[in-house]
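Peer 1: Let me give you the structure first, and then I'll get to my questions.
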Amino acid sequence: MDSEALVAEYVLLGLRFDRLVQGFVDSYTGDPTLRRRVQNETSPDPARLTADARRLLAALPESGLAEPRRRFLAAQLTALECSGRKLAGEQVPFPAEVEAYFQVTPALGDQDEYREAHRLLAELLPGRGSMPARLAAVRGREAVPADRLKVCVQALSSALRDRVRRRFGLPVQEVVEYQIVTDKPWSGFNHYVGDYRSRVAVNADVGHRAANLPHLVAHESYPGHHTEHCRKEAGLAIRDAQAEHTIFLVNTPQCLMAEGLADLGLQAVVGPGWGPWAAEIFADLGIRMEGELSERLELAMSRLLTVRQDALLMLHADGVDEAEVSAYLQRWLLMPDQRARHLVRFMRDPLWRAYTTTYVEGYRLLRRWLENRPAGTSSADRYRRLLDEPLVPEAVRAELAARV
């Protein structure tokens, strides 16, 4: 099978998965005739999709594709093969499912690290009373009213966009349209529609705060998902004619890389001092934010990153009931009951059930990779590689190992 035929079959395979699971294709900017062809087919058979993924994997070594493209497609096809088996009814152990999807092994966090995070938070939080009560008081003061949410998001987006344009560059015609929504399992969602345009939905139900909105906007738009989509469409898809980058598929290594770089976005364009920077923007909008305190609190909270993955493993690997998982999240992440139950709902969603790992392991892996960069390589140059290259977790780990 020649390279162009193999890539076209990969794209068709991804589109066929979307026929079985709506939302499996996160974005598609390729040849519209391929999508119409799939829409006009009979409903796909999961066993056939699984066999097609295996056939394409077997054909990769002789395809003539350059090594980075073979590596990317091998990772994606391995994930699709696992999705096909699950859709066909095969029982796959949850850790093996996550490994096949994302090229990482999920593991429980260290509760001693969580206790240390709680100790740091107790030292930082003002006032008297229990630590959860003091944290709730700080968060209550920085709550963003629902009717002010969109204007705050747009102000942050404009400020971040200016920085991304200067540091990384963006197509002149790119644009993000923001929508405020409710009754969704996520807090924010980027839908890339192509031609350098995104629609970003922000879920008002979760209760946004001034301290978390800069991360959310950086994650979804600048320099996160929207920026990555724009640069990869302009570079890999159009300039280099690599059609495999016209489709973005859920539950693949592509997602772990994207979520990791998005979660590191605020650090990439603002860095230390993002709290006071954001506080100035909010002050102009009449929203209170204690910038320096918020930044220090978020740094302490970052030690609790793996709590969400613990909850995921409890739910899907150990069969713990939802109430106990929600209580675990409330205990360690100091979440209110409503927010914990919302997160468990996301973890229960059939499409997104394994996805929490992308935020945890993606951030951990790419943070190490960004920090352990070669001498003479700037942090911006390192981050730009994430925006522009078809890297996969195995390749990132290999680069880290080579530097030991």
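In the structure tokens, the first chain shown is A, the next is B, and so on; residue numbers restart at 1 for each chain, and ligands run from 1 in the order shown.
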Env of Trp352 (chain A): 10 Å cut, atoms = only C-alpha atoms, seq-sep filter 3 positions within chain, self excluded. Answer as number ranges by chain.
Peer 2: A: 23-24, 185-186, 250-251, 345-349, 355-356
Peer 1: Any chance you can output those residues with N, CA, C and O atoms as a PDB file, in the first residue's frame?
Peer 2:
```
ATOM      1  N   GLY A  23     -18.905  12.399  18.223  1.00  0.00           N
ATOM      2  CA  GLY A  23     -17.896  13.164  18.946  1.00  0.00           C
ATOM      3  C   GLY A  23     -16.529  12.526  18.920  1.00  0.00           C
ATOM      4  O   GLY A  23     -15.571  13.113  19.412  1.00  0.00           O
ATOM      5  N   PHE A  24     -16.417  11.321  18.341  1.00  0.00           N
ATOM      6  CA  PHE A  24     -15.107  10.658  18.267  1.00  0.00           C
ATOM      7  C   PHE A  24     -14.147  11.481  17.422  1.00  0.00           C
ATOM      8  O   PHE A  24     -12.955  11.547  17.714  1.00  0.00           O
ATOM      9  N   PRO A 185     -20.610  17.982  30.463  1.00  0.00           N
ATOM     10  CA  PRO A 185     -19.764  17.262  31.423  1.00  0.00           C
ATOM     11  C   PRO A 185     -18.384  17.862  31.602  1.00  0.00           C
ATOM     12  O   PRO A 185     -17.614  17.400  32.426  1.00  0.00           O
ATOM     13  N   TRP A 186     -18.068  18.926  30.838  1.00  0.00           N
ATOM     14  CA  TRP A 186     -16.740  19.534  30.906  1.00  0.00           C
ATOM     15  C   TRP A 186     -16.877  21.004  31.308  1.00  0.00           C
ATOM     16  O   TRP A 186     -17.970  21.571  31.305  1.00  0.00           O
ATOM     17  N   VAL A 250     -10.515  11.615  19.250  1.00  0.00           N
ATOM     18  CA  VAL A 250     -10.576  11.442  20.706  1.00  0.00           C
ATOM     19  C   VAL A 250     -10.025  10.067  21.074  1.00  0.00           C
ATOM     20  O   VAL A 250     -10.075   9.120  20.300  1.00  0.00           O
ATOM     21  N   ASN A 251      -9.466   9.988  22.283  1.00  0.00           N
ATOM     22  CA  ASN A 251      -8.917   8.738  22.828  1.00  0.00           C
ATOM     23  C   ASN A 251      -7.767   8.200  21.981  1.00  0.00           C
ATOM     24  O   ASN A 251      -7.694   7.008  21.649  1.00  0.00           O
ATOM     25  N   ARG A 345     -19.221  12.747  36.858  1.00  0.00           N
ATOM     26  CA  ARG A 345     -20.080  12.622  35.674  1.00  0.00           C
ATOM     27  C   ARG A 345     -19.238  12.582  34.413  1.00  0.00           C
ATOM     28  O   ARG A 345     -19.483  11.784  33.503  1.00  0.00           O
ATOM     29  N   PHE A 346     -18.231  13.434  34.328  1.00  0.00           N
ATOM     30  CA  PHE A 346     -17.325  13.442  33.171  1.00  0.00           C
ATOM     31  C   PHE A 346     -16.609  12.097  33.052  1.00  0.00           C
ATOM     32  O   PHE A 346     -16.484  11.533  31.968  1.00  0.00           O
ATOM     33  N   MET A 347     -16.146  11.575  34.186  1.00  0.00           N
ATOM     34  CA  MET A 347     -15.437  10.301  34.182  1.00  0.00           C
ATOM     35  C   MET A 347     -16.338   9.122  33.823  1.00  0.00           C
ATOM     36  O   MET A 347     -15.846   8.082  33.380  1.00  0.00           O
ATOM     37  N   ARG A 348     -17.620   9.277  34.001  1.00  0.00           N
ATOM     38  CA  ARG A 348     -18.574   8.222  33.682  1.00  0.00           C
ATOM     39  C   ARG A 348     -19.016   8.266  32.214  1.00  0.00           C
ATOM     40  O   ARG A 348     -19.549   7.290  31.694  1.00  0.00           O
ATOM     41  N   ASP A 349     -18.830   9.381  31.557  1.00  0.00           N
ATOM     42  CA  ASP A 349     -19.281   9.520  30.180  1.00  0.00           C
ATOM     43  C   ASP A 349     -18.602   8.461  29.306  1.00  0.00           C
ATOM     44  O   ASP A 349     -17.382   8.297  29.357  1.00  0.00           O
ATOM     45  N   TYR A 355     -10.425   9.853  29.669  1.00  0.00           N
ATOM     46  CA  TYR A 355      -9.779  11.071  29.193  1.00  0.00           C
ATOM     47  C   TYR A 355      -9.055  11.855  30.274  1.00  0.00           C
ATOM     48  O   TYR A 355      -8.096  12.582  29.997  1.00  0.00           O
ATOM     49  N   THR A 356      -9.480  11.724  31.525  1.00  0.00           N
ATOM     50  CA  THR A 356      -8.843  12.476  32.614  1.00  0.00           C
ATOM     51  C   THR A 356      -7.339  12.245  32.655  1.00  0.00           C
ATOM     52  O   THR A 356      -6.561  13.149  33.018  1.00  0.00           O
TER      53      THR A 356
END
```
Peer 1: Which distance in Å separates CA of Glu4 (chain A) and CA of Thr246 (chain A), to one decimal?
Peer 2: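 According to the coordinates, CA of Glu4 (chain A) and CA of Thr246 (chain A) are separated by 13.6 Å.
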Peer 1: Restricting the calculation to only C-alpha atoms, which member of A:Arg115, A:Ala96, A:Met1, A:Thr33 is positioned closest to Pro61 (chain A)?
Peer 2: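 Result for the nearest residue to Pro61 (chain A): A:Met1.
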Peer 1: Considering only C-alpha atoms, return as an NGL selection string whatever protein or nucleic-acid residues lie within 8 Å of Ile287 (chain A), sequence-local ones (same chain, fewer than 6 positions apart) excluded.
Peer 2: :A and (142 or 144 or 210)
Peer 1: I need the chosen residues saved as a PDB file, in the first residue's frame, with all heavy atoms.
Peer 2:
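As a result, part-v7.pdb now contains:
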```pdb
ATOM      1  N   GLU A 142     -13.488  35.498  44.796  1.00  0.00           N
ATOM      2  CA  GLU A 142     -13.046  35.690  43.410  1.00  0.00           C
ATOM      3  C   GLU A 142     -14.013  35.043  42.410  1.00  0.00           C
ATOM      4  O   GLU A 142     -13.668  34.854  41.246  1.00  0.00           O
ATOM      5  CB  GLU A 142     -11.644  35.120  43.212  1.00  0.00           C
ATOM      6  CG  GLU A 142     -11.531  33.634  43.460  1.00  0.00           C
ATOM      7  CD  GLU A 142     -10.119  33.102  43.261  1.00  0.00           C
ATOM      8  OE1 GLU A 142      -9.164  33.861  43.450  1.00  0.00           O
ATOM      9  OE2 GLU A 142      -9.995  31.914  42.905  1.00  0.00           O
ATOM     10  N   VAL A 144     -16.732  34.595  39.647  1.00  0.00           N
ATOM     11  CA  VAL A 144     -17.123  35.414  38.501  1.00  0.00           C
ATOM     12  C   VAL A 144     -18.619  35.192  38.257  1.00  0.00           C
ATOM     13  O   VAL A 144     -19.043  34.077  37.954  1.00  0.00           O
ATOM     14  CB  VAL A 144     -16.328  35.029  37.241  1.00  0.00           C
ATOM     15  CG1 VAL A 144     -16.814  35.815  36.030  1.00  0.00           C
ATOM     16  CG2 VAL A 144     -14.833  35.258  37.460  1.00  0.00           C
ATOM     17  N   ALA A 210     -11.962  33.878  39.204  1.00  0.00           N
ATOM     18  CA  ALA A 210     -10.955  34.690  38.521  1.00  0.00           C
ATOM     19  C   ALA A 210      -9.623  33.954  38.408  1.00  0.00           C
ATOM     20  O   ALA A 210      -8.900  34.120  37.434  1.00  0.00           O
ATOM     21  CB  ALA A 210     -10.771  36.018  39.264  1.00  0.00           C
TER      22      ALA A 210
END
```
Peer 1: Quick one: of A:Ala218, A:Met257, A:Val206, A:Leu285, who's nearest to Gln338 (chain A), counting only C-alpha atoms?
Peer 2: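 Looking at the shortest contact to Gln338 (chain A), the residue is A:Val206.
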Peer 1: Return as an NGL selection string the full set of residues in region 140-383 of chain A whose backbone-based DSSP assignment is helix (DSSP H, G or I).
Peer 2: :A and (140-141 or 146-167 or 204-206 or 213-220 or 225-239 or 243-246 or 253-263 or 265-269 or 274-284 or 291-304 or 307-316 or 322-333 or 337-348 or 356-371 or 379-383)
Peer 1: Nearest to Glu62 (chain A): which of A:Trp332, A:Asp2, A:Arg288, A:Gln39 is it, counting only C-alpha atoms?
Peer 2: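 Of all the options, A:Asp2 lies closest to Glu62 (chain A).
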Peer 1: Determine, counting only C-alpha atoms, which protein, DNA and RNA residues have an atom within 12 Å of an atom of Ala146 (chain A); residues of the same chain fewer than 4 positions away are not included. Present the result as a list in words.
Peer 2: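 Contacts, with the query itself left out: Lys150, Val151, Cys152, Val153, Ile180, Val181, Thr182, Val202, Asn203, Ala204, Asp205, Val206, Gly207, His208, Arg209 and Ala210 of chain A.
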Peer 1: Show me, as a list of chain:residue names, the residues that have an atom within 12 Å of Arg373 (chain A) when counting only C-alpha atoms, minus same-chain residues fewer than 2 positions from it.
Peer 2: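 So the residues in contact are A:Leu366, A:Arg367, A:Arg368, A:Trp369, A:Leu370, A:Glu371, A:Ala375, A:Gly376, A:Thr377, A:Ser378, A:Ser379, A:Ala380, A:Asp381, A:Arg382, A:Tyr383, A:Arg385, A:Val396, A:Glu399, A:Leu400, A:Ala401, A:Ala402, A:Arg403, A:Val404.
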Peer 1: Pick out the closest residue to Glu259 (chain A) from this set: A:Pro46, A:Gly129, A:Gly188, A:Gly362. Count only C-alpha atoms.
Peer 2: A:Gly362
